[in-house]
Each structure stands twice: as C-alpha cells, then as structure tokens.
There are 2 protein chains.
Amino acid sequence: MPHRDRVEQTLTIGAVAERTGLAPSAIRFYEEKGLVRAARAASGHRQFDRATIRRLSFILIAQQLGYRLDEIKAQLDTLPGDAAPTVADWERLSVHFADDLDERIRRLTELRERLTGCIGCGCLSLEVCRLYNPDDAAARHGTGPRYLMGDRPDPQR
Amino acid sequence: MPHRDRVEQTLTIGAVAERTGLAPSAIRFYEEKGLVRAARAASGHRQFDRATIRRLSFILIAQQLGYRLDEIKAQLDTLPGDAAPTVADWERLSVHFADDLDERIRRLTELRERLTGCIGCGCLSLEVCRLYNPDDAAARHGTGPRYLMGDRPDPQR
DNA sequence: CCTTGACTTCAACCTTACTTGAGGTCGTAC
DNA sequence: GTACGACCTCAAGTAAGGTTGAAGTCAAGG
C-alpha cells in the first residue's frame, strides 16, 4: 500500500501521523480512548477521515493548554457525531479556549504581582505568605514522554 | 512523643506536614529524592529543621509553576548546604520565578492573540494554522494525585 | 501491663499518556 | 516466490509523583 493514498478520500494512519507529527501509536491510543474514530478497510487497516487531522490538531492544542485527554474527549463529544463539524462548531470550542487562556493569564499575572511583593521580604512560608495559590487547578499539564510535545529527539517526523 | 515538640528546635514529620499541608508520605518522598533533609533522633524519627518549612513552600510554589521535582532539586541545590539560607538566597530563586512567569505570561498572551486570529477562520489544522506552538516546554505540569495541589478531598488537613 | 498515637521501613500500587516489542497479515515490487 | 514496507493486535514497560498497606518500634497514659 502506497504511503500517499491514491484516492485522497481517506487517510492511512501513516499519512495522519505524517500530517500531525504524532506517532502512529499515539493515534491508535487516541482511537482506543474514543478521541478519534476510524473506519476499517477489508484488510483491517484504519481509514481516517480528513476531519481527523482537525480533531488531532485540537487535541494537541488542548494538551498544550493543560487539558487531560478525558477532558478533551468531553469537549470533542460536543461536536456532532454524524456530520463533519462546521466552522461554527470549532469556533465554539475555540472560544472556550480563549476564555480559559484569559483566565490563566489573569492568574499568572496575579501570581506575578504577589511574587513581586514577596521578593526580599523573606516570608516564603505557607504560614504567612500568599504566594502559594493551590487553586490553580486549571494549570494542570500532561505527563508522559515529553518529546511528543515539542522536544522530540528526531526533528524530522 | 507529643505532636507539638516540647522544645521547638526541631519538628517532627507530623508537625511539618501540618504546617505545610503536605502528607507525611510526600515529605518522606521528598527526603528520599534529596529535596529536603532531616536529622534522626535516637528512635529513628526524623527531626526537621524549621527552615524545612521554607524549602517545602518553595517546592509547592515551584510545582505550581510547572517545574518537575528534579528541576526543583537543582534550584534548591544552589542554596548553601551548610548554613541556613539567607533572605538573599531565597530572593535569588524568587527572581528566577519572576522571570519565568514573565515568559509564561508572554507566551500565553501570544497564544491568545493567535487564537483570536484563528477563531472563525476554520483553519484549525497543523498544516496551515500557527495556533499550535510546541515550543511551550516551560508549561509542563506535574502528574500524580492532584488533591495535594488544591483540590484535596478532605479540606481539613 | 497493655493500649494508643506517632513514628519507622519497604514493597506494591496508582494514574496519565503513551511507547515498545513480539508475532502476524497484506499488497505490491523485484 | 519472496522480500519489503506498512499495517494489525495485544501485552508489557516507562515516567513522574506520589499513596497505601503491612509489619514493627517507641514513649506516655490509664
């Protein structure tokens, strides 16, 4: 089977991997978790819809923002399952991102101000210092091998 | 042994846990990893220095900022091991935080701007969209049980 | 005396997000 | 006809950051 499908209707996992920069194993993992779907060829090979690229892009961006896969799945599940998502659908999710970003920027700025107030005061202690803010739950970031998130060892592919 | 030590020179692990909000197991884990140190009583019990509270506060704040324990350890290792760290020592580390925060705020703001530009354009795809920025390696956050970072199930202790 | 509470160690387990490897299939190319 | 590359499944491994449980020690109180 050629790497670039003859009819560009569906994509093989290799083609999707190439376009997104993800490892095929990661894409299979996402399918298993229900974040993306794939039809199957008679051979058993996965056949991805072109819209899958967009879903995977969304996943990557959301991960970058610190969402866990189950949270991302919840977001994706609000997309219409039957038809291809419209621009308005993606816009809705993007606006959610934007709000989240605003909130995160606000929080970091606040922390920055607290830090400025604390530098040099020697109060670095939970008993008296407001620097530690455990409510920053939105700032969670993923775990696992990080070279899928920007510092992969092999820059090509 | 009473929970609150009669001579307030050293602290038991329970007292440190109470003051920091950390679980004793976490504190032992940090000791094992070399992030904090403890003398031992004849009984084998750990005896913590009061400065340990400050180290642990630092650890919590740094975790909140997304540093991994080994990175935090590297920072803490620049503190003088012999004498108690001075205000200037802590200030040095805090300034590092501040710089990091500035950088993170800058990056998020940039992402926010890219997002605004992308909302509605329907370009959410890695092939054409600049929204995905894999260089945000500083935004890594820890893993593990999150209820130590703000959403612990039991609000009292 | 013996129970209680706080501590000790050590090994095993947990979660998230994947990767890696073994073993097998498929279709085209030489 | 057989080698090659791309795909398949399934089980096991990895990393971080701890938690949990078992089994034992120690000092004080009743």
# chains A, B, ... in the order shown; residues from 1 in each chain; ligands from 1
$ closest_atom_pairs --of "chain C" --to "chain A" --cutoff "10 Å" --atoms "only C-alpha atoms (C1' of nucleotides)" --output "Markdown table"
| residue | atom | partner | partner_atom | distance |
| --- | --- | --- | --- | --- |
| C:DT15 | C1' | A:Thr143 | CA | 9.8 |
| C:DT16 | C1' | A:Thr143 | CA | 6.0 |
| C:DA17 | C1' | A:Gly144 | CA | 4.9 |
| C:DC18 | C1' | A:Gly144 | CA | 6.2 |
| C:DT19 | C1' | A:Ser25 | CA | 7.4 |
| C:DT20 | C1' | A:Ser25 | CA | 9.8 |
| C:DT25 | C1' | A:Ser43 | CA | 8.2 |
| C:DC26 | C1' | A:Ser43 | CA | 6.9 |
| C:DG27 | C1' | A:Met1 | CA | 6.1 |
| C:DT28 | C1' | A:Met1 | CA | 6.9 |
$ write_last_selection --atoms "N, CA and C atoms (P, O5', C5', C4', C3', O3' and C1' of nucleotides)" --output "mmCIF file, in the first residue's frame"
data_model
loop_
_atom_site.group_PDB
_atom_site.id
_atom_site.type_symbol
_atom_site.label_atom_id
_atom_site.label_comp_id
_atom_site.auth_asym_id
_atom_site.auth_seq_id
_atom_site.Cartn_x
_atom_site.Cartn_y
_atom_site.Cartn_z
ATOM 1 P P DT C 15 -6.074 3.954 39.219
ATOM 2 O "O5'" DT C 15 -5.507 5.264 38.502
ATOM 3 C "C5'" DT C 15 -5.566 6.511 39.182
ATOM 4 C "C4'" DT C 15 -4.795 7.537 38.382
ATOM 5 C "C3'" DT C 15 -5.113 7.488 36.881
ATOM 6 O "O3'" DT C 15 -5.641 8.750 36.502
ATOM 7 C "C1'" DT C 15 -2.738 7.484 37.277
ATOM 8 P P DT C 16 -6.293 8.861 35.031
ATOM 9 O "O5'" DT C 16 -5.108 9.506 34.186
ATOM 10 C "C5'" DT C 16 -4.490 10.700 34.652
ATOM 11 C "C4'" DT C 16 -3.356 11.057 33.722
ATOM 12 C "C3'" DT C 16 -3.699 10.919 32.240
ATOM 13 O "O3'" DT C 16 -3.275 12.087 31.568
ATOM 14 C "C1'" DT C 16 -1.762 9.641 32.757
ATOM 15 P P DA C 17 -3.845 12.372 30.091
ATOM 16 O "O5'" DA C 17 -2.659 11.810 29.188
ATOM 17 C "C5'" DA C 17 -1.374 12.379 29.305
ATOM 18 C "C4'" DA C 17 -0.379 11.510 28.564
ATOM 19 C "C3'" DA C 17 -0.823 11.056 27.155
ATOM 20 O "O3'" DA C 17 0.257 11.210 26.253
ATOM 21 C "C1'" DA C 17 -0.083 9.253 28.367
ATOM 22 P P DC C 18 -0.077 11.739 24.757
ATOM 23 O "O5'" DC C 18 -0.236 10.550 23.767
ATOM 24 C "C5'" DC C 18 -0.128 9.176 24.050
ATOM 25 C "C4'" DC C 18 1.228 8.744 24.505
ATOM 26 C "C3'" DC C 18 1.948 7.838 23.526
ATOM 27 O "O3'" DC C 18 3.061 8.499 22.920
ATOM 28 C "C1'" DC C 18 1.964 6.953 25.758
ATOM 29 P P DT C 19 3.791 7.757 21.690
ATOM 30 O "O5'" DT C 19 4.709 6.668 22.427
ATOM 31 C "C5'" DT C 19 5.776 7.081 23.265
ATOM 32 C "C4'" DT C 19 6.657 5.884 23.610
ATOM 33 C "C3'" DT C 19 7.287 5.168 22.406
ATOM 34 O "O3'" DT C 19 8.625 4.838 22.801
ATOM 35 C "C1'" DT C 19 5.994 3.624 23.650
ATOM 36 P P DT C 20 9.622 4.259 21.722
ATOM 37 O "O5'" DT C 20 9.573 2.691 22.036
ATOM 38 C "C5'" DT C 20 9.703 2.245 23.370
ATOM 39 C "C4'" DT C 20 9.619 0.723 23.415
ATOM 40 C "C3'" DT C 20 10.148 0.017 22.163
ATOM 41 O "O3'" DT C 20 11.020 -1.008 22.596
ATOM 42 C "C1'" DT C 20 7.971 -0.744 22.679
ATOM 43 P P DT C 25 -0.727 -14.718 10.040
ATOM 44 O "O5'" DT C 25 -1.205 -13.344 9.383
ATOM 45 C "C5'" DT C 25 -2.357 -12.664 9.900
ATOM 46 C "C4'" DT C 25 -2.637 -11.464 9.026
ATOM 47 C "C3'" DT C 25 -2.776 -11.786 7.534
ATOM 48 O "O3'" DT C 25 -3.896 -11.068 7.031
ATOM 49 C "C1'" DT C 25 -1.152 -10.109 7.842
ATOM 50 P P DC C 26 -4.534 -11.503 5.628
ATOM 51 O "O5'" DC C 26 -4.201 -10.253 4.702
ATOM 52 C "C5'" DC C 26 -3.987 -8.981 5.320
ATOM 53 C "C4'" DC C 26 -3.530 -7.968 4.279
ATOM 54 C "C3'" DC C 26 -3.646 -8.394 2.824
ATOM 55 O "O3'" DC C 26 -4.312 -7.373 2.112
ATOM 56 C "C1'" DC C 26 -1.406 -7.719 3.334
ATOM 57 P P DG C 27 -4.768 -7.706 0.560
ATOM 58 O "O5'" DG C 27 -3.714 -6.835 -0.269
ATOM 59 C "C5'" DG C 27 -3.422 -5.504 0.146
ATOM 60 C "C4'" DG C 27 -2.263 -4.942 -0.659
ATOM 61 C "C3'" DG C 27 -2.265 -5.367 -2.125
ATOM 62 O "O3'" DG C 27 -1.918 -4.225 -2.904
ATOM 63 C "C1'" DG C 27 -0.210 -5.975 -1.118
ATOM 64 P P DT C 28 -2.112 -4.273 -4.511
ATOM 65 O "O5'" DT C 28 -0.643 -3.841 -4.939
ATOM 66 C "C5'" DT C 28 -0.040 -2.686 -4.347
ATOM 67 C "C4'" DT C 28 1.469 -2.816 -4.365
ATOM 68 C "C3'" DT C 28 2.105 -2.965 -5.750
ATOM 69 O "O3'" DT C 28 3.111 -1.964 -5.878
ATOM 70 C "C1'" DT C 28 2.993 -4.556 -4.254
#
$ closest_atom_pairs --of "range 3-119 of chain A" --to "range 5-11 of chain D" --cutoff "12 Å" --atoms "only C-alpha atoms (C1' of nucleotides)" --output "Markdown table"
| residue | atom | partner | partner_atom | distance |
| --- | --- | --- | --- | --- |
| A:His3 | CA | D:DA6 | C1' | 7.8 |
| A:Arg4 | CA | D:DA6 | C1' | 11.4 |
| A:Thr12 | CA | D:DC7 | C1' | 8.9 |
| A:Ile13 | CA | D:DC7 | C1' | 8.5 |
| A:Gly14 | CA | D:DA6 | C1' | 7.9 |
| A:Ala15 | CA | D:DA6 | C1' | 10.8 |
| A:Pro24 | CA | D:DC7 | C1' | 10.3 |
| A:Ser25 | CA | D:DC7 | C1' | 11.7 |
| A:Arg28 | CA | D:DC8 | C1' | 10.9 |
| A:Arg40 | CA | D:DC8 | C1' | 11.1 |
| A:Ala41 | CA | D:DC7 | C1' | 11.0 |
| A:Ala42 | CA | D:DC8 | C1' | 11.9 |
| A:Ser43 | CA | D:DC8 | C1' | 8.8 |
| A:Gly44 | CA | D:DC8 | C1' | 6.9 |
| A:His45 | CA | D:DC7 | C1' | 6.2 |
| A:Arg46 | CA | D:DC7 | C1' | 8.6 |
| A:Gln47 | CA | D:DC7 | C1' | 11.2 |
$ residues_around --residues "DG24 in chain D" --least-positions-apart "5" --cutoff "12 Å" --atoms "only C-alpha atoms (C1' of nucleotides)" --output "VMD selection string"
chain C and resid 7 to 10
$ write_last_selection --atoms "C-alpha atoms (C1' of nucleotides)" --output "short mmCIF file (atom, residue, chain, number, x, y, z; two decimals), in the first residue's frame"
data_model
loop_
_atom_site.label_atom_id
_atom_site.label_comp_id
_atom_site.auth_asym_id
_atom_site.auth_seq_id
_atom_site.Cartn_x
_atom_site.Cartn_y
_atom_site.Cartn_z
"C1'" DC C 7 6.60 7.39 64.01
"C1'" DT C 8 9.71 3.83 61.14
"C1'" DT C 9 10.79 0.86 56.62
"C1'" DC C 10 9.76 -1.48 52.49
#
$ closest_atom_pairs --of "chain D" --to "chain B" --cutoff "9 Å" --atoms "only C-alpha atoms (C1' of nucleotides)" --output "CSV"
residue,atom,partner,partner_atom,distance
D:DA16,C1',B:Thr143,CA,6.1
D:DG17,C1',B:Gly144,CA,4.8
D:DG18,C1',B:Gly144,CA,6.0
D:DT19,C1',B:Ser25,CA,7.5
D:DT25,C1',B:Ser43,CA,8.0
D:DC26,C1',B:Ser43,CA,6.9
D:DA27,C1',B:Met1,CA,6.2
D:DA28,C1',B:Met1,CA,7.6
$ atom_distance --atom1 "CA of Arg19 in chain B" --atom2 "CA of Ser57 in chain B"
9.9 Å
